[in-house]
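Since the structure comes first, as structure tokens, the remarks are kept for the end.
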Amino acid sequence: MPEHKAIVAAEIGLHARAAAMFVRAVTDTGLPVTIRKPGRNPVDARSLLEVMSEDFGHGCEVLLEVSADALPAGSTIGDAEGALAALSALLQASDSR
């Protein structure tokens, strides 16, 4: 299962604008990405409500994952890894507030 770790850089965490930007980017990948804190259950990263409900605060470590079984037809593990790397970079960008 492809996964990437990231640290949430937005000063207010994944709330409001930062969460909306992140969810939009996830949706644009076309992949079923999940996000979670270490040791917690994952939530659908395509859902603004689920992302905002999980309280991913500033400085929080998160894991982004795509289940290999859930890859859409025509997508490869390499595609998923590239998308997760880009999403991780988005979360870690200080201007994602």
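The chains in the structure tokens are called A, B, ... from first to last as shown; in each chain the residues are counted from 1, and the ligands are counted from 1 in the order shown.
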Quiz item: Excluding same-chain residues fewer than 2 positions from region 28-38 of chain A, what lies within 6 Å of it counting only C-alpha atoms, as a list of chain:residue names?
Solution: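 Within the cut-off, the hits are A:Ala25, A:Val26, A:Arg40, A:Pro42, A:Val43, A:Asp44, A:Ala45, A:Val62, A:Leu63, A:Leu64, A:Glu65, A:Val66.
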May I have the selected residues written with N, CA and C atoms, as a short mmCIF file (atom, residue, chain, number, x, y, z; two decimals), in the first residue's frame?
```
data_model
loop_
_atom_site.label_atom_id
_atom_site.label_comp_id
_atom_site.auth_asym_id
_atom_site.auth_seq_id
_atom_site.Cartn_x
_atom_site.Cartn_y
_atom_site.Cartn_z
N ALA A 25 -7.33 19.02 -4.05
CA ALA A 25 -6.15 18.39 -4.66
C ALA A 25 -6.27 16.87 -4.65
N VAL A 26 -6.78 16.32 -3.56
CA VAL A 26 -6.98 14.87 -3.48
C VAL A 26 -7.99 14.43 -4.55
N ARG A 40 -4.40 5.93 14.45
CA ARG A 40 -5.84 6.21 14.34
C ARG A 40 -6.37 5.59 13.06
N PRO A 42 -8.13 5.59 9.42
CA PRO A 42 -8.09 6.55 8.32
C PRO A 42 -9.48 7.09 7.99
N VAL A 43 -9.49 8.29 7.39
CA VAL A 43 -10.72 8.88 6.88
C VAL A 43 -10.51 9.17 5.40
N ASP A 44 -11.59 9.29 4.68
CA ASP A 44 -11.55 9.56 3.25
C ASP A 44 -11.06 11.00 3.03
N ALA A 45 -9.91 11.16 2.41
CA ALA A 45 -9.33 12.48 2.19
C ALA A 45 -10.07 13.26 1.11
N VAL A 62 0.76 13.22 9.76
CA VAL A 62 -0.32 12.45 9.13
C VAL A 62 0.26 11.44 8.17
N LEU A 63 -0.50 10.41 7.91
CA LEU A 63 -0.15 9.39 6.91
C LEU A 63 -1.19 9.45 5.80
N LEU A 64 -0.72 9.59 4.59
CA LEU A 64 -1.57 9.55 3.41
C LEU A 64 -1.39 8.19 2.76
N GLU A 65 -2.49 7.54 2.42
CA GLU A 65 -2.40 6.18 1.88
C GLU A 65 -3.39 5.97 0.75
N VAL A 66 -3.04 5.04 -0.12
CA VAL A 66 -3.95 4.54 -1.15
C VAL A 66 -3.84 3.03 -1.13
#
```
Exercise. Would you please give, as a PyMOL selection string, all residues of chain A that DSSP assigns to strand (DSSP E) based on the backbone?
Key: chain A and resi 3-7+33-36+43-44+61-66
Quiz item: Skipping near chain neighbours, those fewer than 4 positions away, what residues fall within 8 Å of Ala19 (chain A) using only C-alpha atoms, listed as a list in words?
Solution: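 Counting only the stated atoms, we get Gly13, Leu14, His15, Val23, Leu48, Val51 and Met52 of chain A.
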Exercise. Would you list, as a VMD selection string, the residues of chain A that end up in alpha helix (DSSP H) under DSSP run on this structure's backbone?
Key: chain A and resid 16 to 29 48 to 53 77 to 92
Atoms to include: N, CA, C and O atoms. Write the selected residues as a short mmCIF file (atom, residue, chain, number, x, y, z; two decimals), in the first residue's frame.
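So again.cif came out as:
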```
data_model
loop_
_atom_site.label_atom_id
_atom_site.label_comp_id
_atom_site.auth_asym_id
_atom_site.auth_seq_id
_atom_site.Cartn_x
_atom_site.Cartn_y
_atom_site.Cartn_z
N ALA A 16 -11.03 24.88 7.36
CA ALA A 16 -11.45 25.92 6.42
C ALA A 16 -10.69 25.86 5.09
O ALA A 16 -10.72 24.85 4.41
N ARG A 17 -9.99 26.94 4.76
CA ARG A 17 -9.37 27.05 3.44
C ARG A 17 -8.32 25.98 3.18
O ARG A 17 -8.28 25.39 2.10
N ALA A 18 -7.46 25.72 4.16
CA ALA A 18 -6.40 24.71 3.96
C ALA A 18 -7.00 23.33 3.70
O ALA A 18 -6.53 22.60 2.84
N ALA A 19 -8.05 23.00 4.43
CA ALA A 19 -8.71 21.70 4.23
C ALA A 19 -9.36 21.64 2.86
O ALA A 19 -9.27 20.62 2.16
N ALA A 20 -10.02 22.72 2.45
CA ALA A 20 -10.68 22.75 1.15
C ALA A 20 -9.66 22.60 0.02
O ALA A 20 -9.90 21.86 -0.94
N MET A 21 -8.53 23.29 0.14
CA MET A 21 -7.48 23.17 -0.89
C MET A 21 -6.95 21.74 -0.96
O MET A 21 -6.75 21.20 -2.04
N PHE A 22 -6.73 21.14 0.20
CA PHE A 22 -6.21 19.77 0.26
C PHE A 22 -7.22 18.79 -0.35
O PHE A 22 -6.85 17.97 -1.20
N VAL A 23 -8.47 18.87 0.06
CA VAL A 23 -9.50 17.95 -0.44
C VAL A 23 -9.65 18.11 -1.96
O VAL A 23 -9.79 17.12 -2.68
N ARG A 24 -9.60 19.34 -2.45
CA ARG A 24 -9.69 19.58 -3.90
C ARG A 24 -8.52 18.89 -4.62
O ARG A 24 -8.70 18.26 -5.65
N ALA A 25 -7.33 19.02 -4.05
CA ALA A 25 -6.15 18.39 -4.66
C ALA A 25 -6.27 16.87 -4.65
O ALA A 25 -5.91 16.20 -5.63
N VAL A 26 -6.78 16.32 -3.56
CA VAL A 26 -6.98 14.87 -3.48
C VAL A 26 -7.99 14.43 -4.55
O VAL A 26 -7.75 13.47 -5.28
N THR A 27 -9.10 15.13 -4.63
CA THR A 27 -10.14 14.78 -5.60
C THR A 27 -9.59 14.84 -7.02
O THR A 27 -9.91 13.97 -7.85
N ASP A 28 -8.75 15.82 -7.29
CA ASP A 28 -8.17 15.96 -8.63
C ASP A 28 -7.28 14.77 -9.02
O ASP A 28 -7.08 14.52 -10.20
N THR A 29 -6.73 14.06 -8.04
CA THR A 29 -5.89 12.89 -8.36
C THR A 29 -6.72 11.74 -8.91
O THR A 29 -6.19 10.89 -9.61
N LEU A 48 -14.44 16.69 2.67
CA LEU A 48 -14.11 17.86 3.47
C LEU A 48 -14.61 17.69 4.90
O LEU A 48 -13.88 18.00 5.86
N LEU A 49 -15.80 17.17 5.07
CA LEU A 49 -16.35 16.97 6.41
C LEU A 49 -15.50 16.02 7.23
O LEU A 49 -15.19 16.29 8.40
N GLU A 50 -15.11 14.90 6.65
CA GLU A 50 -14.29 13.93 7.39
C GLU A 50 -12.92 14.50 7.73
O GLU A 50 -12.43 14.31 8.84
N VAL A 51 -12.30 15.22 6.81
CA VAL A 51 -10.98 15.80 7.06
C VAL A 51 -11.06 16.84 8.18
O VAL A 51 -10.26 16.84 9.11
N MET A 52 -12.06 17.72 8.11
CA MET A 52 -12.18 18.76 9.13
C MET A 52 -12.57 18.18 10.49
O MET A 52 -12.17 18.71 11.53
N SER A 53 -13.31 17.08 10.51
CA SER A 53 -13.75 16.47 11.77
C SER A 53 -12.62 15.79 12.53
O SER A 53 -12.71 15.59 13.74
N ILE A 77 0.68 1.73 -9.09
CA ILE A 77 1.22 2.07 -7.77
C ILE A 77 2.14 3.28 -7.91
O ILE A 77 2.16 4.16 -7.04
N GLY A 78 2.86 3.37 -9.01
CA GLY A 78 3.72 4.53 -9.25
C GLY A 78 2.91 5.82 -9.34
O GLY A 78 3.34 6.86 -8.83
N ASP A 79 1.75 5.76 -9.97
CA ASP A 79 0.86 6.93 -10.03
C ASP A 79 0.44 7.35 -8.63
O ASP A 79 0.45 8.53 -8.29
N ALA A 80 0.09 6.36 -7.82
CA ALA A 80 -0.35 6.63 -6.45
C ALA A 80 0.79 7.23 -5.64
O ALA A 80 0.59 8.20 -4.89
N GLU A 81 1.99 6.68 -5.78
CA GLU A 81 3.13 7.21 -5.03
C GLU A 81 3.43 8.65 -5.43
O GLU A 81 3.72 9.49 -4.58
N GLY A 82 3.35 8.95 -6.71
CA GLY A 82 3.57 10.32 -7.17
C GLY A 82 2.52 11.28 -6.64
O GLY A 82 2.83 12.39 -6.22
N ALA A 83 1.27 10.84 -6.66
CA ALA A 83 0.18 11.68 -6.15
C ALA A 83 0.35 11.92 -4.65
O ALA A 83 0.16 13.04 -4.17
N LEU A 84 0.71 10.88 -3.90
CA LEU A 84 0.89 11.04 -2.46
C LEU A 84 2.06 11.96 -2.15
O LEU A 84 1.99 12.76 -1.20
N ALA A 85 3.10 11.90 -2.93
CA ALA A 85 4.25 12.80 -2.73
C ALA A 85 3.82 14.25 -2.95
O ALA A 85 4.18 15.15 -2.18
N ALA A 86 3.03 14.49 -3.98
CA ALA A 86 2.55 15.85 -4.26
C ALA A 86 1.62 16.33 -3.16
O ALA A 86 1.69 17.50 -2.74
N LEU A 87 0.74 15.47 -2.68
CA LEU A 87 -0.17 15.85 -1.60
C LEU A 87 0.59 16.12 -0.31
O LEU A 87 0.27 17.05 0.43
N SER A 88 1.62 15.32 -0.04
CA SER A 88 2.46 15.55 1.14
C SER A 88 3.13 16.91 1.06
O SER A 88 3.18 17.66 2.04
N ALA A 89 3.64 17.24 -0.12
CA ALA A 89 4.29 18.54 -0.31
C ALA A 89 3.30 19.68 -0.10
O ALA A 89 3.64 20.70 0.50
N LEU A 90 2.07 19.49 -0.55
CA LEU A 90 1.04 20.51 -0.35
C LEU A 90 0.79 20.73 1.14
O LEU A 90 0.71 21.86 1.61
N LEU A 91 0.66 19.64 1.89
CA LEU A 91 0.43 19.76 3.33
C LEU A 91 1.59 20.43 4.06
O LEU A 91 1.39 21.13 5.05
N GLN A 92 2.79 20.20 3.58
CA GLN A 92 3.98 20.71 4.25
C GLN A 92 4.38 22.11 3.79
O GLN A 92 5.28 22.72 4.36
#
```
Quiz item: CA of Ala6 (chain A) to CA of Gly59 (chain A): how many Å, to one decimal?
Solution: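 Between these atoms lies a distance of 9.3 Å.
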